[in-house]
file model-v6.txt (compact mmCIF, C-alpha atoms and all ligand atoms)
# COMPACT_ATOMS: atom_id res chain seq x y z
CA MET R 1 -26.12 20.00 0.49
CA ASN R 2 -24.13 21.96 -2.07
CA VAL R 3 -20.41 21.25 -1.91
CA GLY R 4 -17.87 23.45 -3.68
CA PHE R 5 -14.44 22.64 -5.08
CA ILE R 6 -12.08 25.50 -5.89
CA GLY R 7 -9.48 23.92 -8.16
CA THR R 8 -10.20 20.86 -10.27
CA GLY R 9 -6.64 19.77 -11.01
CA ASN R 10 -5.38 16.30 -10.11
CA MET R 11 -6.76 16.13 -6.60
CA GLY R 12 -9.85 18.34 -6.97
CA ARG R 13 -10.99 16.14 -9.84
CA THR R 14 -10.13 12.93 -7.96
CA LEU R 15 -12.22 14.06 -4.98
CA VAL R 16 -15.19 15.15 -7.10
CA GLU R 17 -15.18 11.87 -9.02
CA ALA R 18 -14.71 9.76 -5.87
CA PHE R 19 -17.65 11.43 -4.10
CA ILE R 20 -19.83 10.87 -7.18
CA ARG R 21 -18.63 7.29 -7.63
CA SER R 22 -19.34 6.51 -3.97
CA GLY R 23 -22.88 7.87 -4.31
CA LYS R 24 -22.25 10.21 -1.37
CA LEU R 25 -22.72 13.26 -3.62
CA LYS R 26 -24.74 13.63 -6.78
CA PRO R 27 -23.30 15.75 -9.59
CA SER R 28 -26.10 18.25 -8.89
CA ASP R 29 -24.74 18.66 -5.32
CA ILE R 30 -21.39 19.84 -6.66
CA ILE R 31 -20.22 23.28 -7.77
CA ILE R 32 -16.73 23.69 -9.15
CA ASN R 33 -14.46 26.48 -10.25
CA ASN R 34 -11.05 26.28 -11.86
CA ARG R 35 -8.65 29.01 -12.99
CA THR R 36 -8.44 27.45 -16.44
CA ARG R 37 -12.10 27.12 -17.35
CA SER R 38 -11.64 24.32 -19.92
CA LYS R 39 -10.55 21.92 -17.15
CA ALA R 40 -13.78 22.54 -15.24
CA ASP R 41 -15.78 22.25 -18.49
CA ARG R 42 -14.31 18.79 -19.16
CA LEU R 43 -15.25 17.57 -15.67
CA ALA R 44 -18.78 18.97 -15.99
CA GLU R 45 -19.21 17.29 -19.39
CA THR R 46 -18.32 13.93 -17.84
CA HIS R 47 -20.81 14.39 -15.01
CA PRO R 48 -24.01 15.99 -16.27
CA GLY R 49 -25.68 18.10 -13.59
CA LEU R 50 -22.40 19.30 -12.08
CA ARG R 51 -22.35 23.10 -12.06
CA ILE R 52 -19.50 25.50 -12.78
CA ALA R 53 -19.28 28.81 -10.91
CA ASP R 54 -17.91 31.76 -12.88
CA ASN R 55 -15.52 32.57 -10.05
CA SER R 56 -14.59 31.46 -6.53
CA ARG R 57 -16.72 34.20 -4.92
CA GLU R 58 -19.83 32.91 -6.66
CA LEU R 59 -18.95 29.34 -5.59
CA VAL R 60 -18.49 30.36 -1.95
CA ARG R 61 -21.81 32.23 -1.96
CA GLU R 62 -23.64 29.02 -2.88
CA THR R 63 -21.89 26.36 -0.79
CA PRO R 64 -21.99 25.81 2.98
CA LEU R 65 -18.94 23.56 2.56
CA PHE R 66 -16.14 24.22 0.11
CA PHE R 67 -12.76 22.65 -0.60
CA LEU R 68 -9.57 24.50 -1.47
CA CYS R 69 -7.91 22.09 -3.91
CA ILE R 70 -5.10 24.40 -4.91
CA LYS R 71 -1.34 24.40 -4.42
CA PRO R 72 0.35 26.29 -1.55
CA GLY R 73 1.48 29.17 -3.78
CA GLU R 74 -2.04 29.58 -5.14
CA PHE R 75 -3.76 30.35 -1.79
CA ARG R 76 -3.05 34.07 -1.65
CA PRO R 77 -5.09 35.12 -4.73
CA VAL R 78 -7.93 32.75 -3.83
CA LEU R 79 -8.11 34.00 -0.24
CA ASP R 80 -7.94 37.59 -1.47
CA GLU R 81 -10.86 36.85 -3.77
CA ILE R 82 -13.14 35.05 -1.30
CA ARG R 83 -12.37 36.56 2.12
CA GLU R 84 -15.12 39.20 1.99
CA THR R 85 -17.70 36.62 0.85
CA VAL R 86 -17.00 33.82 3.31
CA ARG R 87 -19.41 33.57 6.28
CA SER R 88 -18.72 32.27 9.77
CA GLU R 89 -21.14 29.32 9.49
CA GLN R 90 -19.37 27.95 6.41
CA ILE R 91 -16.79 25.15 6.43
CA ALA R 92 -13.59 25.58 4.42
CA VAL R 93 -11.44 22.48 3.89
CA SER R 94 -7.86 22.76 2.73
CA ILE R 95 -6.20 19.68 1.21
CA THR R 96 -2.76 21.26 1.30
CA SER R 97 -0.28 20.32 4.03
CA PRO R 98 1.96 23.44 4.31
CA VAL R 99 -0.93 25.87 4.79
CA MET R 100 -1.55 26.07 8.54
CA ILE R 101 -5.08 25.94 9.92
CA ARG R 102 -4.45 28.95 12.16
CA ASP R 103 -3.37 31.02 9.12
CA LEU R 104 -6.55 30.09 7.25
CA GLU R 105 -8.56 30.94 10.37
CA GLU R 106 -6.93 34.37 10.41
CA TRP R 107 -7.91 34.93 6.82
CA LEU R 108 -11.39 33.48 6.82
CA PRO R 109 -14.21 33.72 9.38
CA ALA R 110 -15.20 30.16 8.37
CA LYS R 111 -14.79 26.93 10.30
CA VAL R 112 -11.61 25.40 8.92
CA ALA R 113 -10.34 21.83 8.51
CA LYS R 114 -7.34 20.33 6.83
CA ILE R 115 -8.04 16.99 5.17
CA ILE R 116 -5.23 15.50 3.10
CA PRO R 117 -6.54 13.07 0.51
CA SER R 118 -4.74 10.55 -1.69
CA ILE R 119 -4.93 9.22 -5.23
CA ASN R 120 -6.17 5.96 -3.66
CA HIS R 121 -9.57 7.59 -3.14
CA ALA R 122 -10.10 7.17 -6.90
CA VAL R 123 -10.89 3.54 -6.03
CA LEU R 124 -12.50 4.50 -2.71
CA ALA R 125 -9.45 3.30 -0.77
CA GLY R 126 -6.62 4.70 1.33
CA ASN R 127 -6.52 6.98 4.35
CA SER R 128 -7.64 10.60 4.33
CA LEU R 129 -5.79 12.58 6.99
CA PHE R 130 -8.20 14.50 9.16
CA VAL R 131 -7.09 17.63 11.07
CA PRO R 132 -10.05 19.62 12.40
CA GLY R 133 -9.67 23.29 13.29
CA ASN R 134 -10.90 24.68 16.60
CA ARG R 135 -14.03 26.32 15.21
CA LEU R 136 -15.61 23.09 13.95
CA THR R 137 -18.40 21.76 16.14
CA ALA R 138 -18.65 18.05 16.96
CA ASP R 139 -21.47 17.81 14.40
CA ASP R 140 -19.30 19.48 11.72
CA GLN R 141 -16.51 17.00 12.44
CA GLN R 142 -18.91 14.07 12.27
CA MET R 143 -20.35 15.33 8.97
CA LEU R 144 -16.86 15.65 7.42
CA TRP R 145 -15.82 12.27 8.83
CA ASN R 146 -18.93 10.64 7.33
CA LEU R 147 -18.32 12.35 3.99
CA PHE R 148 -14.75 11.06 3.78
CA SER R 149 -15.71 7.63 5.08
CA ALA R 150 -17.57 7.16 1.79
CA ILE R 151 -14.35 7.43 -0.22
CA SER R 152 -11.59 6.49 2.23
CA GLN R 153 -10.70 5.56 5.78
CA PRO R 154 -10.33 8.88 7.59
CA LEU R 155 -7.53 8.99 10.14
CA ARG R 156 -7.36 11.73 12.76
CA ILE R 157 -3.84 13.15 13.01
CA GLU R 158 -2.16 16.11 14.71
CA GLU R 159 -1.29 18.98 12.38
CA GLU R 160 2.40 18.61 13.32
CA HIS R 161 2.34 15.11 11.74
CA THR R 162 0.71 16.23 8.50
CA ARG R 163 3.94 15.99 6.50
CA ILE R 164 5.04 12.53 7.58
CA ALA R 165 1.49 11.16 7.36
CA SER R 166 1.17 12.67 3.86
CA ASP R 167 4.46 11.05 2.87
CA LEU R 168 3.10 7.66 3.92
CA ALA R 169 -0.48 8.01 2.65
CA SER R 170 -0.40 10.45 -0.29
CA CYS R 171 3.12 10.47 -1.73
CA SER R 172 3.80 6.77 -1.27
CA PRO R 173 1.59 5.61 -4.16
CA ALA R 174 3.98 7.52 -6.43
CA PHE R 175 7.09 6.49 -4.49
CA PHE R 176 6.20 2.80 -4.62
CA ALA R 177 5.03 2.97 -8.24
CA GLN R 178 8.48 4.27 -9.11
CA LEU R 179 10.26 1.63 -7.03
CA LEU R 180 8.26 -1.12 -8.71
CA GLU R 181 8.85 0.30 -12.17
CA SER R 182 12.54 0.54 -11.38
CA LEU R 183 12.56 -3.11 -10.24
CA ALA R 184 10.97 -4.19 -13.53
CA ASN R 185 13.28 -2.06 -15.65
CA THR R 186 16.36 -3.28 -13.80
CA ALA R 187 15.21 -6.85 -14.42
CA VAL R 188 15.00 -6.02 -18.14
CA LYS R 189 18.53 -4.59 -18.15
CA GLU R 190 20.04 -7.42 -16.09
CA THR R 191 18.38 -10.39 -17.80
CA GLY R 192 16.80 -9.35 -21.11
CA ILE R 193 13.31 -10.38 -20.02
CA PRO R 194 10.83 -8.47 -22.23
CA GLN R 195 9.78 -5.21 -20.58
CA SER R 196 6.08 -5.98 -21.06
CA SER R 197 6.52 -9.27 -19.15
CA ALA R 198 8.53 -7.63 -16.36
CA LEU R 199 5.97 -4.82 -15.94
CA SER R 200 3.07 -7.26 -16.01
CA LEU R 201 4.70 -9.52 -13.40
CA VAL R 202 5.31 -6.57 -11.08
CA ASN R 203 1.82 -5.18 -11.67
CA GLN R 204 0.06 -8.45 -10.91
CA MET R 205 2.31 -9.06 -7.89
CA THR R 206 1.37 -5.63 -6.48
CA GLN R 207 -2.34 -6.27 -6.90
CA GLY R 208 -1.97 -9.63 -5.13
CA LEU R 209 0.09 -8.05 -2.36
CA ALA R 210 -2.62 -5.42 -1.75
CA ARG R 211 -5.26 -8.15 -1.52
CA LEU R 212 -3.17 -10.27 0.85
CA LEU R 213 -2.94 -7.29 3.18
CA ALA R 214 -6.60 -6.31 2.75
CA GLU R 215 -8.27 -9.72 2.72
CA GLY R 216 -5.63 -12.39 3.28
CA GLY R 217 -4.98 -11.81 6.95
CA PHE R 218 -1.34 -10.88 6.40
CA THR R 219 0.65 -8.03 7.92
CA LEU R 220 3.74 -6.62 6.24
CA GLN R 221 5.84 -8.59 8.75
CA SER R 222 4.01 -11.93 8.51
CA LEU R 223 4.08 -11.75 4.73
CA GLN R 224 7.89 -11.47 4.72
CA GLU R 225 8.15 -14.38 7.14
CA ARG R 226 5.89 -16.57 5.00
CA VAL R 227 7.81 -15.95 1.77
CA ALA R 228 11.37 -15.90 3.11
CA VAL R 229 12.29 -19.40 4.21
CA PRO R 230 15.57 -19.55 6.22
CA GLY R 231 18.57 -19.91 3.94
CA GLY R 232 16.49 -19.21 0.84
CA ILE R 233 16.90 -16.65 -1.93
CA THR R 234 14.22 -14.26 -0.63
CA ARG R 235 15.90 -14.12 2.81
CA GLU R 236 19.16 -13.01 1.19
CA GLY R 237 17.30 -10.41 -0.84
CA LEU R 238 15.53 -9.10 2.25
CA ASP R 239 18.83 -8.83 4.14
CA LEU R 240 20.31 -6.76 1.30
CA LEU R 241 17.23 -4.52 1.10
CA ASN R 242 17.23 -4.04 4.85
CA LYS R 243 20.81 -2.77 4.70
CA GLU R 244 20.56 -0.63 1.58
CA VAL R 245 17.01 0.74 1.47
CA SER R 246 16.64 2.07 5.00
CA PRO R 247 19.19 4.91 4.46
CA VAL R 248 17.32 5.91 1.29
CA PHE R 249 14.06 6.25 3.23
CA HIS R 250 15.81 8.32 5.90
CA GLU R 251 17.03 10.64 3.17
CA LEU R 252 13.60 10.70 1.52
CA ILE R 253 11.85 11.74 4.74
CA GLN R 254 14.47 14.39 5.43
CA LEU R 255 14.01 15.68 1.89
CA THR R 256 10.21 15.91 2.06
CA HIS R 257 10.42 17.66 5.43
CA ALA R 258 13.01 20.16 4.21
CA LYS R 259 10.77 20.99 1.22
CA TYR R 260 7.78 21.21 3.57
CA ASP R 261 9.59 23.63 5.93
CA HIS R 262 10.52 25.74 2.93
CA ASP R 263 6.90 25.74 1.66
CA VAL R 264 5.51 26.56 5.13
CA LYS R 265 7.81 29.61 5.32
CA LYS R 266 6.87 30.72 1.79
CA VAL R 267 3.15 30.38 2.49
CA LYS R 268 3.48 32.16 5.86
CA HIS R 269 5.35 34.99 4.17
CA SER R 270 2.75 35.33 1.43
CA LEU R 271 -0.26 35.15 3.77
CA GLY R 272 1.29 37.15 6.62
CA HIS R 273 2.45 39.91 4.32
CA THR R 274 -0.99 40.21 2.74
CA ALA R 275 -2.82 40.23 6.04
CA LYS R 276 -0.69 43.13 7.29
CA LYS R 277 -1.09 45.05 4.03
CA ASN R 278 -4.86 44.74 4.21
CA MET R 279 -5.16 45.84 7.82
N1 LIG T 1 -1.89 15.12 -6.21
C1 LIG T 1 -2.00 14.42 -5.09
O1 LIG T 1 -1.93 13.18 -5.07
C2 LIG T 1 -2.27 15.15 -3.79
C3 LIG T 1 -2.53 14.40 -2.63
C4 LIG T 1 -2.80 15.08 -1.44
C5 LIG T 1 -2.77 16.46 -1.40
N2 LIG T 1 -2.48 17.14 -2.54
C6 LIG T 1 -2.43 18.59 -2.46
O2 LIG T 1 -3.47 19.12 -3.23
C7 LIG T 1 -3.09 20.40 -3.74
C8 LIG T 1 -3.41 20.44 -5.22
O3 LIG T 1 -2.65 19.45 -5.86
P1 LIG T 1 -2.98 18.98 -7.33
O4 LIG T 1 -2.07 17.84 -7.60
O5 LIG T 1 -4.45 18.81 -7.48
O6 LIG T 1 -2.49 20.29 -8.13
P2 LIG T 1 -3.00 20.77 -9.57
O7 LIG T 1 -3.24 19.59 -10.44
O8 LIG T 1 -2.04 21.80 -10.03
O9 LIG T 1 -4.40 21.44 -9.25
C9 LIG T 1 -4.54 22.74 -8.75
C10 LIG T 1 -5.71 23.34 -9.49
O10 LIG T 1 -6.05 24.57 -8.87
C11 LIG T 1 -6.42 25.45 -9.91
N3 LIG T 1 -6.28 26.83 -9.45
C12 LIG T 1 -5.16 27.52 -9.15
N4 LIG T 1 -5.45 28.79 -8.79
C13 LIG T 1 -6.78 28.90 -8.85
C14 LIG T 1 -7.69 29.96 -8.61
N5 LIG T 1 -7.26 31.18 -8.24
N6 LIG T 1 -9.01 29.74 -8.78
C15 LIG T 1 -9.46 28.52 -9.17
N7 LIG T 1 -8.66 27.47 -9.43
C16 LIG T 1 -7.33 27.66 -9.27
C17 LIG T 1 -5.45 25.15 -11.02
O11 LIG T 1 -5.97 25.66 -12.22
P3 LIG T 1 -5.15 25.66 -13.62
O12 LIG T 1 -5.86 24.65 -14.45
O13 LIG T 1 -5.26 27.04 -14.15
O14 LIG T 1 -3.72 25.27 -13.31
C18 LIG T 1 -5.38 23.64 -10.97
O15 LIG T 1 -6.35 23.01 -11.77
C19 LIG T 1 -1.58 20.54 -3.47
O16 LIG T 1 -1.38 21.42 -2.41
C20 LIG T 1 -1.15 19.15 -3.09
O17 LIG T 1 -0.14 19.14 -2.13
C21 LIG T 1 -2.26 16.53 -3.72
call {"tool": "encode", "arguments": {"input": "model-v6.txt", "output": "structure tokens", "more": "lines below"}}
Ligand SMILES: NC(=O)c1ccc[n+]([C@@H]2O[C@H](COP(=O)([O-])OP(=O)(O)OC[C@H]3O[C@@H](n4cnc5c(N)ncnc54)[C@H](OP(=O)(O)O)[C@@H]3O)[C@@H](O)[C@H]2O)c1
result
Amino acid sequence: MNVGFIGTGNMGRTLVEAFIRSGKLKPSDIIINNRTRSKADRLAETHPGLRIADNSRELVRETPLFFLCIKPGEFRPVLDEIRETVRSEQIAVSITSPVMIRDLEEWLPAKVAKIIPSINHAVLAGNSLFVPGNRLTADDQQMLWNLFSAISQPLRIEEEHTRIASDLASCSPAFFAQLLESLANTAVKETGIPQSSALSLVNQMTQGLARLLAEGGFTLQSLQERVAVPGGITREGLDLLNKEVSPVFHELIQLTHAKYDHDVKKVKHSLGHTAKKNM
């Protein structure tokens, strides 16, 4: 089956490469298109057989299933371009949280799904967040579920939880990378330990932590209990973190949701306005 990807930026490229790496898709199954052609050229050079469409219309004509791997503000021109070409039997998958399924269904006759991926799929790990639209048949849903099972663990969520689930699954790799980097850099400032040693210690610790959770039979809770003996140094550290970090996460979640609400309104305005103009 031909699968199309409109947009081969960070996440479009990650998805294409993950599907190829998993063996679920061959390069010759994939058609891509990107606004800046050189980006698509580079991806096609790395994966011989992968085809580049001259524009999104051409891509949509040739693919029963296509992904919209573009940012919220980039939907309007893409939808304007493809809406006359899209057919009702096609499946369109958006990977963008603030674009509502019902808005895409108003714009396109296609069967629509929202599937939010994460950078973790680059190593065939992490959850993909699966929100099927009403037009998808049970077979369509199974096909998409199977596709994403090759590169991730799909998790069915309600659209209203897209933002918080994305915070936890998709943004958190960056959030926790920054926290860990900050821990290492603070250690350098406080103690003079060489930065390369501090970063290496934190890096190796994180890899071990991931394996303990994946293969070692630990949960986040049991891991804390095992390391923090009563009266020990780790216990004191955990008590401090418990007090100080929780308010930061409250603020973080409020911040991502405020930005999300803003983006939802902007997208709605852009798509609603266009729909009325074209009627
Ligand atoms: N990054 C993540 O970890 C992640 C995780 C989950 C979900 N997402 C979501 O995925 C979406 C894309 O994120 P990203 O990080 O991949 O952004 P990005 O790196 O900016 O990629 C967007 C790509 O879309 C291309 N594009 C824009 N308009 C186009 C058009 N009219 N026709 C064809 N291609 C077009 C851009 O081309 P140019 O080269 O011309 O800019 C760019 O390469 C966002 O909504 C984001 O929320 C991202």
call {"tool": "residues_near_ligand", "arguments": {"input": "model-v6.txt", "ligand": "ligand LIG 1 (chain T)", "cutoff": "6 Å", "atoms": "only C-alpha atoms and all ligand atoms", "output": "short mmCIF file (atom, residue, chain, number, x, y, z; two decimals) with C-alpha atoms, keeping the file's coordinate frame"}}
result
data_model
loop_
_atom_site.label_atom_id
_atom_site.label_comp_id
_atom_site.auth_asym_id
_atom_site.auth_seq_id
_atom_site.Cartn_x
_atom_site.Cartn_y
_atom_site.Cartn_z
CA ILE R 6 -12.08 25.50 -5.89
CA GLY R 7 -9.48 23.92 -8.16
CA THR R 8 -10.20 20.86 -10.27
CA GLY R 9 -6.64 19.77 -11.01
CA ASN R 10 -5.38 16.30 -10.11
CA MET R 11 -6.76 16.13 -6.60
CA GLY R 12 -9.85 18.34 -6.97
CA ASN R 33 -14.46 26.48 -10.25
CA ASN R 34 -11.05 26.28 -11.86
CA ARG R 35 -8.65 29.01 -12.99
CA THR R 36 -8.44 27.45 -16.44
CA CYS R 69 -7.91 22.09 -3.91
CA ILE R 70 -5.10 24.40 -4.91
CA LYS R 71 -1.34 24.40 -4.42
CA PRO R 72 0.35 26.29 -1.55
CA GLU R 74 -2.04 29.58 -5.14
CA PRO R 77 -5.09 35.12 -4.73
CA VAL R 78 -7.93 32.75 -3.83
CA ILE R 95 -6.20 19.68 1.21
CA THR R 96 -2.76 21.26 1.30
CA ILE R 116 -5.23 15.50 3.10
CA PRO R 117 -6.54 13.07 0.51
CA SER R 118 -4.74 10.55 -1.69
CA ILE R 119 -4.93 9.22 -5.23
CA SER R 170 -0.40 10.45 -0.29
#
call {"tool": "atom_distance", "arguments": {"input": "model-v6.txt", "atom1": "atom CA of R:Phe5", "atom2": "atom CA of R:Ser128"}}
result
16.7 Å
call {"tool": "closest_residue", "arguments": {"input": "model-v6.txt", "among": "R:Met205, R:Ile157, R:Leu124, R:Ala165", "to": "R:Leu180", "atoms": "only C-alpha atoms"}}
result
R:Met205
call {"tool": "residues_around", "arguments": {"input": "model-v6.txt", "residues": "R:Ser196", "least_positions_apart": "5", "cutoff": "10 Å", "atoms": "all atoms listed in the file", "output": "compact mmCIF listing (two decimals) with C-alpha atoms, in the coordinates of the input"}}
result
# COMPACT_ATOMS: atom_id res chain seq x y z
CA ALA R 184 10.97 -4.19 -13.53
CA ASN R 185 13.28 -2.06 -15.65
CA VAL R 188 15.00 -6.02 -18.14
CA LEU R 201 4.70 -9.52 -13.40
call {"tool": "atom_distance", "arguments": {"input": "model-v6.txt", "atom1": "atom CA of R:Leu155", "atom2": "atom CA of R:Phe130"}}
result
5.6 Å
call {"tool": "closest_atom_pairs", "arguments": {"input": "model-v6.txt", "of": "stretch 43-67 of chain R", "to": "stretch 24-30 of chain R", "cutoff": "7 Å", "atoms": "all atoms listed in the file", "output": "tab-separated table"}}
result
residue	atom	partner	partner_atom	distance
R:His47	CA	R:Pro27	CA	6.1
R:Pro48	CA	R:Pro27	CA	6.7
R:Gly49	CA	R:Ser28	CA	4.7
R:Leu50	CA	R:Pro27	CA	4.4
R:Arg51	CA	R:Ile30	CA	6.4
call {"tool": "closest_residue", "arguments": {"input": "model-v6.txt", "among": "R:Asp167, R:Glu236, R:Asp103, R:Asp80", "to": "R:Asn127", "atoms": "all atoms listed in the file"}}
result
R:Asp167
